[in-house]
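Engineer: Have a look at this one.
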Amino acid sequence: MKIRVAPRLAVLVAACALLPGCFQKTTPWDPIGGRYDSGNWFGARFALDLPPDWMMMNFVEDGLVATRDGFNLQSVKVRKIKFGEDLPHTKKKISKSMAPQELAEVLLDDLRSDGTANALKVLETRPLTISGQRGFRTTVAFKDGYGLRYKAVLCGVMAEGRAWQITYAAPARYYFERDLAAFDSALTSMRIW
Amino acid sequence: MRRRRPLRCRPSAWRLTVAAAALVASTGCIIIPIAETPRAERVPPVTAPGFELAPDEARLWREASELEARARKSGAVLDDRALERYLLGIARRLAPRGALEKLDVRVFVIESPALTAFTTPDGAIFVSMGLLSRLDNEAQLAMIFGHELTHAVNRHHLVEYRTLKEGADLTAGMPFGLGALGTKAAVTGYSRDLEREADAQGLTLLAAAGYDVREAPRPFEHLAAWVKDEGIEEPYAFASHPRLEERLESTRALVEARYGDRRPGDQGADRYAKAVREVILATARLDLAGGRFDAAEHGAEAYLALHPRSAEALTVLADAARQRGGADERALELYRKAAALDAGCAEAQRGLGLALARRGDRAGARGALRTYLKLAPAAVDRAWIEGELADLDGRKP
């Protein structure tokens, strides 16, 4: 029997090339549809409610990036941070034994050391319970590289062997106030397990 | 026995296989051949008779003026007009004859703990807080300004622009937008020959202005130490290529060869310390936030050398000791010292209260935290402190 190897090999290689497309989303963002649930493919799981018209960015490996009108107009970000892991801007590290106030200090200093958040000012910082754990909520104001004024709410908590950073940022004029309630509601609904 | 034929694909199948393999491979890498860019011709300096802006240079100057406006608006530039005036005085003292009529020389301080300086084509010098706080005197800063002024006077931006106008934008990390083209070279560094020229002529300007030329190599030593501490692989702006060690050696050699028998000139150490004192403390705070504890302590100690009774600087030292971990006793001692020096320093009272609470000294902690809230009734962390006080009192906040 004559075996036709070449066409089969070609089909196999082509299949290998195309296969990853079957497992991942092809659009840059998708509607959240009211509730986001991370599932537990990569460790600790989290879920939160956002209004149905919010979109989430695909291809975010370890957390969530969501917006309604575009990332420059408002964004909600959730980031899981391993203890001892390098942070993007500060050389400080988060350790397991940190109190909420110390976690707030490190995450705020990370933002403060971000060269693109100029003239950063802390407006308020206070304790907050997130998913049943003691955490914090800090409100800041800053300017971006083009002078646009932003406000952000930076929250954090230790849960499930990780530090969690939950951030809401929007231009100070109009957008921040408009979507703050949606963020606070998402924060209240947040569950980590 | 019949020999087996070697496995061969039919042409169409072979092409399909190669195409599919290429598809797989292409997701991993794209190689773009880079041709060597020919150097643009040098142009006469702005001080040359009959100087006029070239059409493409006029665009760079427009971009430079937009950069200044953007920098101010972005909040990345320190709003300290007195310091700017002092720094402008140094730049004007250094400027070669005729340059001030052609360039609009001005100086801005970038609120960044990094060590950097650059100039725009029309003569605006940007210098970082980090660099100002590391230098020891005015003569060292004059070496940097002399170097930057040489770039502007000799129109290095135009040469670099014409050479590399299609180059990649490497300036995305700056705290304000730099525009797509004009000032790129200023920040990312010029070619080796232009940097060498700026070093050599910067030294000439330093000497002509009466500064102590022996201080000229020192900025390179500070930069080399910073690059090493930060583990920076590709420094930019003033710290850019040719390699810092090479620049240090060539500057030392130039000083020796040209000015070996010259009497020491003006260092301006006292004037400089007075002018940049607050920048030193502000940079120490930025270093502390960045987790660069050694730099933060060095800055706080430098400030204390100028202002020995500063409770604020002692509080920075105490915060650094606490945040390093394992030095709670030293932190507590420094907070105590700060609070004793200045009972009105709210930050010292706060630090002292929290340190005493961690140690279990409830009465001491309560006293210091209450003093803190009294000194700073609108403190942004009032809710935390009230919670801490409630814990100390054994009640719910």
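Note on naming: chains are A, B, ... as they come in the structure tokens, residues start from 1 per chain, ligands start from 1 in the order shown.
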Can you pull out every residue from chain A that DSSP, working from the backbone, puts in alpha helix (DSSP H), and format the result as number ranges by chain?

Structural biologist: A: 5-23, 100-112, 175-189

Engineer: Please dump the current selection as a PDB file, in the first residue's frame; keep C-alpha atoms.

Structural biologist:
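Result went into result_16.pdb, see below:
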ATOM      1  CA  VAL A   5       3.539  10.902   3.931  1.00  0.00           C
ATOM      2  CA  ALA A   6       4.077  14.435   2.685  1.00  0.00           C
ATOM      3  CA  PRO A   7       0.487  15.689   2.595  1.00  0.00           C
ATOM      4  CA  ARG A   8      -0.153  14.205   6.027  1.00  0.00           C
ATOM      5  CA  LEU A   9       2.959  15.879   7.408  1.00  0.00           C
ATOM      6  CA  ALA A  10       1.861  19.167   5.931  1.00  0.00           C
ATOM      7  CA  VAL A  11      -1.582  18.872   7.451  1.00  0.00           C
ATOM      8  CA  LEU A  12      -0.069  17.957  10.834  1.00  0.00           C
ATOM      9  CA  VAL A  13       2.280  20.960  10.862  1.00  0.00           C
ATOM     10  CA  ALA A  14      -0.515  23.281   9.762  1.00  0.00           C
ATOM     11  CA  ALA A  15      -2.741  21.865  12.508  1.00  0.00           C
ATOM     12  CA  CYS A  16       0.001  22.506  15.069  1.00  0.00           C
ATOM     13  CA  ALA A  17       0.199  26.087  13.885  1.00  0.00           C
ATOM     14  CA  LEU A  18      -3.513  26.666  14.057  1.00  0.00           C
ATOM     15  CA  LEU A  19      -4.299  24.659  17.187  1.00  0.00           C
ATOM     16  CA  PRO A  20      -3.402  27.369  19.750  1.00  0.00           C
ATOM     17  CA  GLY A  21      -6.098  29.525  18.176  1.00  0.00           C
ATOM     18  CA  CYS A  22      -8.724  26.989  19.265  1.00  0.00           C
ATOM     19  CA  PHE A  23      -7.802  27.468  22.936  1.00  0.00           C
ATOM     20  CA  PRO A 100      -2.587  45.901  55.951  1.00  0.00           C
ATOM     21  CA  GLN A 101      -1.049  49.313  56.622  1.00  0.00           C
ATOM     22  CA  GLU A 102       2.380  48.033  55.592  1.00  0.00           C
ATOM     23  CA  LEU A 103       0.915  46.492  52.447  1.00  0.00           C
ATOM     24  CA  ALA A 104      -0.694  49.861  51.687  1.00  0.00           C
ATOM     25  CA  GLU A 105       2.670  51.560  52.145  1.00  0.00           C
ATOM     26  CA  VAL A 106       4.442  49.237  49.701  1.00  0.00           C
ATOM     27  CA  LEU A 107       1.741  49.306  47.004  1.00  0.00           C
ATOM     28  CA  LEU A 108       1.443  53.080  47.281  1.00  0.00           C
ATOM     29  CA  ASP A 109       5.223  53.458  47.021  1.00  0.00           C
ATOM     30  CA  ASP A 110       5.123  51.299  43.911  1.00  0.00           C
ATOM     31  CA  LEU A 111       2.680  53.762  42.355  1.00  0.00           C
ATOM     32  CA  ARG A 112       4.719  56.705  43.654  1.00  0.00           C
ATOM     33  CA  TYR A 175     -15.151  59.962  34.626  1.00  0.00           C
ATOM     34  CA  PHE A 176     -13.749  59.266  38.096  1.00  0.00           C
ATOM     35  CA  GLU A 177     -16.940  60.217  39.912  1.00  0.00           C
ATOM     36  CA  ARG A 178     -19.180  58.686  37.279  1.00  0.00           C
ATOM     37  CA  ASP A 179     -17.818  55.146  37.587  1.00  0.00           C
ATOM     38  CA  LEU A 180     -16.673  55.184  41.224  1.00  0.00           C
ATOM     39  CA  ALA A 181     -19.934  53.633  42.400  1.00  0.00           C
ATOM     40  CA  ALA A 182     -19.508  50.752  39.932  1.00  0.00           C
ATOM     41  CA  PHE A 183     -16.010  50.145  41.311  1.00  0.00           C
ATOM     42  CA  ASP A 184     -17.118  50.288  44.943  1.00  0.00           C
ATOM     43  CA  SER A 185     -19.898  47.871  44.168  1.00  0.00           C
ATOM     44  CA  ALA A 186     -17.403  45.530  42.452  1.00  0.00           C
ATOM     45  CA  LEU A 187     -15.132  45.766  45.478  1.00  0.00           C
ATOM     46  CA  THR A 188     -17.979  44.873  47.837  1.00  0.00           C
ATOM     47  CA  SER A 189     -18.876  41.887  45.662  1.00  0.00           C
TER      48      SER A 189
END

Engineer: Measuring between only C-alpha atoms, which one of B:His298, B:Gly290, B:Leu341, B:Gly387 shows the shortest distance to Asp86 (chain A)?

Structural biologist: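 Of all the options, B:Gly290 lies closest to Asp86 (chain A).
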
Engineer: Using only C-alpha atoms, can you tell me which of A:Leu48, A:Leu123, A:Leu73, A:Met57 comes closest to chain B?

Structural biologist: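 Answer, going by the shortest atom-to-atom distance: A:Leu123.
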
Engineer: Using DSSP secondary structure from the backbone, list all strand (DSSP E or B) positions within region 7-190 of chain A, as a ChimeraX atom specification.

Structural biologist: /A:29-31,35-37,46-49,55-57,63-67,75-81,118-130,133-143,149-159,162-171

Engineer: Can I get the selection written as a compact mmCIF listing (two decimals), in the first residue's frame, with C-alpha atoms?

Structural biologist:
# COMPACT_ATOMS: atom_id res chain seq x y z
CA TRP A 29 -11.60 42.24 24.75
CA ASP A 30 -14.95 40.68 25.56
CA PRO A 31 -18.02 41.75 27.55
CA ARG A 35 -19.87 38.86 36.75
CA TYR A 36 -16.24 37.98 36.25
CA ASP A 37 -14.97 34.70 37.63
CA PHE A 46 -11.50 35.47 42.46
CA ALA A 47 -14.79 36.83 41.27
CA LEU A 48 -16.47 40.22 41.23
CA ASP A 49 -19.50 41.94 39.77
CA MET A 55 -15.47 44.89 28.86
CA MET A 56 -12.47 42.87 29.96
CA MET A 57 -9.16 42.62 28.24
CA GLY A 63 -5.59 39.14 37.09
CA LEU A 64 -8.18 41.29 35.38
CA VAL A 65 -8.18 44.48 33.34
CA ALA A 66 -11.64 45.89 32.68
CA THR A 67 -13.12 49.10 31.29
CA SER A 75 -10.12 50.99 34.27
CA VAL A 76 -10.45 48.42 36.99
CA LYS A 77 -7.45 46.20 37.47
CA VAL A 78 -6.96 43.20 39.73
CA ARG A 79 -3.43 41.90 40.19
CA LYS A 80 -2.24 38.89 42.18
CA ILE A 81 1.22 39.32 43.67
CA ASN A 118 3.54 62.66 38.20
CA ALA A 119 2.84 64.92 41.17
CA LEU A 120 1.17 62.09 43.06
CA LYS A 121 -0.83 63.14 46.09
CA VAL A 122 -2.53 60.88 48.63
CA LEU A 123 -6.03 62.14 49.34
CA GLU A 124 -7.10 59.51 51.84
CA THR A 125 -6.05 56.11 53.11
CA ARG A 126 -8.08 53.89 55.40
CA PRO A 127 -8.67 50.27 56.40
CA LEU A 128 -11.20 48.27 54.40
CA THR A 129 -12.43 44.71 54.57
CA ILE A 130 -12.14 42.95 51.22
CA GLN A 133 -10.01 39.99 55.09
CA ARG A 134 -8.41 43.12 56.53
CA GLY A 135 -7.19 45.31 53.72
CA PHE A 136 -6.98 48.96 52.74
CA ARG A 137 -8.39 51.61 50.42
CA THR A 138 -6.28 54.60 49.35
CA THR A 139 -7.38 57.42 47.07
CA VAL A 140 -4.72 59.32 45.13
CA ALA A 141 -4.51 62.05 42.51
CA PHE A 142 -1.79 62.38 39.89
CA LYS A 143 -1.05 63.72 36.41
CA ARG A 149 -5.36 64.87 35.97
CA TYR A 150 -6.26 61.38 37.14
CA LYS A 151 -7.70 60.02 40.33
CA ALA A 152 -7.27 56.44 41.43
CA VAL A 153 -8.44 54.18 44.20
CA LEU A 154 -5.79 51.69 45.19
CA CYS A 155 -6.94 48.78 47.34
CA GLY A 156 -5.12 45.75 48.64
CA VAL A 157 -5.55 42.68 50.78
CA MET A 158 -3.73 39.48 51.67
CA ALA A 159 -5.70 36.34 50.88
CA ARG A 162 -1.07 36.14 47.85
CA ALA A 163 -1.31 39.90 47.98
CA TRP A 164 -4.09 41.31 45.84
CA GLN A 165 -4.06 44.77 44.34
CA ILE A 166 -7.36 46.16 43.10
CA THR A 167 -7.17 49.53 41.35
CA TYR A 168 -9.66 51.88 39.80
CA ALA A 169 -8.27 54.81 37.78
CA ALA A 170 -10.01 57.45 35.69
CA PRO A 171 -9.53 61.08 34.62

Engineer: Go ahead and compute the interatomic distance for CA of Gln267 (chain B) and CA of Ser128 (chain B), in Å to one decimal.

Structural biologist: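 Straight-line distance from CA of Gln267 (chain B) to CA of Ser128 (chain B) works out to 20.4 Å.
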
Engineer: Show me, as a list in words, the residues that have an atom within 10 Å of Phe293 (chain B) when counting only C-alpha atoms, minus same-chain residues fewer than 6 positions from it.

Structural biologist: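 The contact residues come out as Lys91 and Lys92 of chain A; Ala284, Arg285, Asp287, Gly299, Val316, Leu317, Asp319, Ala320, Ala321, Gln323 and Arg324 of chain B.
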
Engineer: Considering only C-alpha atoms, state which residue in the set A:Ser97, A:Val60, A:Gly70, A:Ala117 is at the smallest distance from Phe83 (chain A).

Structural biologist: A:Ser97

Engineer: Report as number ranges by chain all protein, DNA and RNA residues lying within 12 Å of region 218-235 of chain B, evaluated on only C-alpha atoms, omitting residues in the same chain fewer than 3 positions from it.

Structural biologist: A: 90-91; B: 113-117, 130-145, 147, 170, 187-189, 199, 212-215, 238-252, 255, 287, 290-295

Engineer: Which region 105-160 of chain B residues have any atom within 9 Å of an atom of region 68-72 of chain B, and for each, what is the nearest pair of atoms with distance in Å to one decimal, counting only C-alpha atoms, rows sorted by chain and number, as a tab-separated table?

Structural biologist:
residue	atom	partner	partner_atom	distance
B:Phe108	CA	B:Glu68	CA	8.7
B:Ile110	CA	B:Ala71	CA	8.6
B:Ala124	CA	B:Glu68	CA	7.9

Engineer: For a quick check of understanding, using only C-alpha atoms, which of A:Ser95, A:Ser38, A:Thr116, A:Gln74 has the smallest distance to Met190 (chain A)?

Structural biologist: A:Ser38

Engineer: Ranking A:Ile32, A:Leu87, A:Ile192, A:Leu50 by minimum distance to chain B and counting only C-alpha atoms, which one comes first?

Structural biologist: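 Checking each of A:Ile32, A:Leu87, A:Ile192, A:Leu50 against chain B, counting only C-alpha atoms, the winner is A:Leu87.
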